[in-house]
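Reproduced below: data08.csv, with CSV, C-alpha atoms.
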```csv
chain,number,residue,atom,x,y,z
P,1,MET,CA,0.0,0.0,0.0
P,2,TYR,CA,1.3,3.4,-0.9
P,3,THR,CA,0.9,6.4,1.3
P,4,PRO,CA,0.2,9.7,-0.5
P,5,GLU,CA,3.8,10.8,0.4
P,6,ILE,CA,5.4,7.7,-1.0
P,7,LEU,CA,3.4,7.9,-4.3
P,8,LEU,CA,4.2,11.6,-4.6
P,9,LYS,CA,7.9,10.9,-4.1
P,10,ARG,CA,7.7,8.2,-6.8
P,11,LEU,CA,5.9,10.6,-9.2
P,12,THR,CA,8.6,13.3,-8.5
P,13,ASN,CA,11.4,10.7,-9.2
P,14,PHE,CA,9.6,9.7,-12.4
P,15,ALA,CA,9.6,13.3,-13.6
P,16,ASN,CA,13.2,13.9,-12.6
P,17,ASN,CA,14.4,10.7,-14.2
P,18,CYS,CA,12.6,11.7,-17.5
P,19,ARG,CA,14.3,15.1,-17.3
P,20,ARG,CA,17.7,13.4,-16.8
P,21,LEU,CA,17.0,11.1,-19.8
P,22,ILE,CA,16.1,14.1,-21.9
P,23,LEU,CA,19.4,15.8,-21.0
P,24,LYS,CA,21.3,12.9,-22.5
P,25,LEU,CA,19.5,12.9,-25.9
P,26,THR,CA,21.2,14.0,-29.0
P,27,ARG,CA,19.8,17.4,-30.0
P,28,ASN,CA,18.0,16.8,-33.3
P,29,GLU,CA,14.6,17.7,-34.6
P,30,TYR,CA,12.6,14.6,-33.4
P,31,ASN,CA,14.4,14.4,-30.0
P,32,ILE,CA,13.6,18.1,-29.3
P,33,ALA,CA,10.0,17.6,-30.2
P,34,TYR,CA,9.6,14.4,-28.1
P,35,SER,CA,11.5,15.9,-25.2
P,36,LYS,CA,9.2,18.9,-25.0
P,37,GLN,CA,6.2,16.6,-24.9
P,38,LEU,CA,7.8,14.2,-22.3
P,39,ILE,CA,8.8,17.0,-20.0
P,40,ARG,CA,5.2,18.3,-19.8
P,41,SER,CA,3.5,14.9,-19.5
P,42,SER,CA,5.9,13.4,-17.0
P,43,SER,CA,5.7,16.3,-14.6
P,44,SER,CA,1.9,16.6,-14.8
P,45,PRO,CA,1.0,13.5,-12.8
P,46,GLY,CA,2.8,14.8,-9.7
P,47,ALA,CA,1.0,18.1,-9.9
P,48,ASN,CA,-2.4,16.5,-10.4
P,49,TYR,CA,-1.8,14.1,-7.6
P,50,ILE,CA,-1.2,17.0,-5.3
P,51,GLU,CA,-4.6,18.4,-6.5
P,52,ALA,CA,-6.2,14.9,-5.9
P,53,ILE,CA,-4.9,14.8,-2.4
P,54,GLU,CA,-6.4,18.3,-1.8
P,55,ALA,CA,-9.7,17.5,-3.5
P,56,SER,CA,-12.9,18.8,-1.9
P,57,SER,CA,-14.9,15.8,-3.0
P,58,SER,CA,-14.5,12.1,-3.9
P,59,LYS,CA,-15.7,12.9,-7.4
P,60,GLU,CA,-13.0,15.5,-7.9
P,61,PHE,CA,-10.4,13.1,-6.4
P,62,ALA,CA,-11.3,10.4,-9.0
P,63,LEU,CA,-11.2,13.0,-11.8
P,64,ARG,CA,-7.7,14.1,-10.8
P,65,LEU,CA,-6.5,10.5,-10.6
P,66,LYS,CA,-7.9,10.0,-14.2
P,67,ILE,CA,-5.8,12.9,-15.3
P,68,CYS,CA,-2.7,11.4,-13.6
P,69,ARG,CA,-3.3,8.1,-15.4
P,70,LYS,CA,-3.9,9.9,-18.8
P,71,GLU,CA,-0.7,11.9,-18.5
P,72,THR,CA,1.3,8.9,-17.4
P,73,LYS,CA,0.1,7.0,-20.4
P,74,GLU,CA,1.1,9.9,-22.6
P,75,SER,CA,4.6,9.9,-21.0
P,76,GLU,CA,4.9,6.2,-21.7
P,77,TYR,CA,4.1,6.9,-25.4
P,78,TRP,CA,6.8,9.6,-25.7
P,79,LEU,CA,9.3,7.3,-23.9
P,80,LYS,CA,8.6,4.6,-26.4
P,81,LEU,CA,9.2,7.0,-29.3
P,82,ILE,CA,12.4,8.2,-27.7
P,83,GLN,CA,13.5,4.6,-27.2
P,84,GLU,CA,12.8,3.6,-30.8
P,85,SER,CA,14.3,6.7,-32.3
P,86,ASN,CA,17.5,6.3,-30.3
P,87,ASN,CA,17.9,2.5,-30.6
P,88,THR,CA,21.6,2.8,-31.4
P,89,ALA,CA,22.3,4.5,-28.1
P,90,PRO,CA,22.3,1.7,-25.4
P,91,PHE,CA,22.2,4.2,-22.5
P,92,ILE,CA,19.1,5.9,-23.8
P,93,LYS,CA,17.4,2.6,-24.8
P,94,GLU,CA,18.0,1.0,-21.4
P,95,ASN,CA,16.9,4.1,-19.4
P,96,ALA,CA,13.8,4.6,-21.5
P,97,ALA,CA,12.9,1.0,-20.9
P,98,THR,CA,13.3,1.4,-17.2
P,99,LEU,CA,11.1,4.5,-17.3
P,100,ILE,CA,8.5,2.7,-19.4
P,101,ILE,CA,8.3,0.0,-16.8
P,102,GLU,CA,7.8,2.7,-14.1
P,103,ALA,CA,5.1,4.4,-16.1
P,104,ASN,CA,3.3,1.1,-16.5
P,105,GLU,CA,3.4,0.5,-12.7
P,106,LEU,CA,2.1,4.0,-12.0
P,107,ILE,CA,-0.7,3.5,-14.5
P,108,LYS,CA,-1.7,0.4,-12.6
P,109,ILE,CA,-1.6,2.2,-9.3
P,110,PHE,CA,-3.8,5.0,-10.7
P,111,ALA,CA,-6.2,2.5,-12.3
P,112,ALA,CA,-6.7,0.6,-9.0
P,113,SER,CA,-7.1,3.8,-7.1
P,114,ILE,CA,-9.7,5.1,-9.5
P,115,ILE,CA,-11.7,1.8,-9.3
P,116,THR,CA,-11.6,2.0,-5.5
P,117,SER,CA,-12.6,5.6,-5.4
P,118,GLU,CA,-15.5,5.1,-7.8
P,119,ARG,CA,-16.7,2.0,-5.9
P,120,ASN,CA,-16.6,4.0,-2.6
P,121,GLN,CA,-18.6,6.8,-4.3
P,122,LYS,CA,-21.3,4.3,-5.3
P,123,ILE,CA,-21.4,2.7,-1.9
P,124,LYS,CA,-21.8,6.2,-0.3
P,125,LYS,CA,-24.5,7.1,-2.8
P,126,LEU,CA,-26.4,3.9,-2.1
P,127,SER,CA,-26.2,4.3,1.7
P,128,LYS,CA,-28.0,7.7,1.6
```

Would you mind writing the file out in structure tokens?
Amino acid sequence: MYTPEILLKRLTNFANNCRRLILKLTRNEYNIAYSKQLIRSSSSPGANYIEAIEASSSKEFALRLKICRKETKESEYWLKLIQESNNTAPFIKENAATLIIEANELIKIFAASIITSERNQKIKKLSK
């Protein structure tokens, strides 16, 4: 089980590790384009998770988690493009693969949290 602090730290590490990967990329047209997208999408889940923690309702909480999941999926997409476009650079390929695995794990965490939150909303609604 993840506490909010642990998950937020993990999201922060994910964003920072994506940034570190970007700094190692060769500067060419496609890497620049992919990097701009990845830096935005990889930092968004952490910011939205903070919003989820501070949500004023369970509906808002679930909505923010869905945004976290969506942005993490987008990050995974950009990481795959970076990995494929830099397949001759072992360091980039290996680090992108590690970040793709982390993105998949985060997506699963968000998905499970969304299911739990929505189930709890239904239970609360039925008990009224």

*Option closest in space to Leu11 in chain P, from P:Leu25, P:Ile109, P:Ala55, P:Ala97 [counting all atoms listed in the file]*: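 Checking each candidate against Leu11 in chain P, we get P:Ile109 as the closest.
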
*Skipping near chain neighbours, those fewer than 4 positions away, what residues fall within 10 Å of Lys24 in chain P using all atoms listed in the file, listed as a ChimeraX atom specification?*
/P:19-20,91-92

Per residue of range 58-92 of chain P within 7 Å of range 113-127 of chain P, note the shortest atom pair and the distance in Å to one decimal, counting all atoms listed in the file, and order the rows by chain and increasing residue number, as CSV.
```
residue,atom,partner,partner_atom,distance
P:Ser58,CA,P:Gln121,CA,6.7
P:Ala62,CA,P:Ile114,CA,5.6
P:Leu65,CA,P:Ile114,CA,6.4
```

*asked:* Using all atoms listed in the file for the distances, tell me which of P:Asn31, P:Ser43, P:Ser75, P:Asn16 is nearest to Ile107 in chain P.
replied: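 Using all atoms listed in the file, Ile107 in chain P sits closest to P:Ser75.
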
*Pick out the closest residue to Lys80 in chain P from this set: P:Ala52, P:Ala112, P:Leu38, P:Ala47. Count only C-alpha atoms.*
P:Leu38

*Separation of CA of Tyr2 in chain P and CA of Ile101 in chain P, in Å?*
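One can read the CA of Tyr2 in chain P to CA of Ile101 in chain P distance as 17.7 Å.
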
*asked:* I want to know what sits within 12 Å of Thr98 in chain P, based on only C-alpha atoms, with residues of the same chain fewer than 3 positions away left out; could you give that as a ChimeraX atom specification?
replied: /P:14,17-18,21,76,79-80,83,91-95,101-105

*Nearest to Thr88 in chain P, chosen from P:Asn48, P:Leu8, P:Thr26, P:Phe61, with all atoms listed in the file counted in the distances*: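 Answer, going by the shortest atom-to-atom distance: P:Thr26.
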
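The closest residue to Lys108 in chain P, picked from P:Cys68, P:Leu63, P:Leu23, P:Ile6 and counting only C-alpha atoms, is P:Cys68.
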
*Mind giving me the straight-line distance from CA of Leu106 in chain P to CA of Ala89 in chain P in Å, one decimal?*
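Between CA of Leu106 in chain P and CA of Ala89 in chain P the gap is 25.8 Å.
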
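The gap separating CA of Asn28 in chain P from CA of Trp78 in chain P is 15.3 Å, in Å to one decimal.
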
*Pick from P:Lys70, P:Ser44, P:Asn13, P:Ser57, whichever lies nearest to Leu99 in chain P using only C-alpha atoms*: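 The answer is P:Asn13, which sits nearest to Leu99 in chain P.
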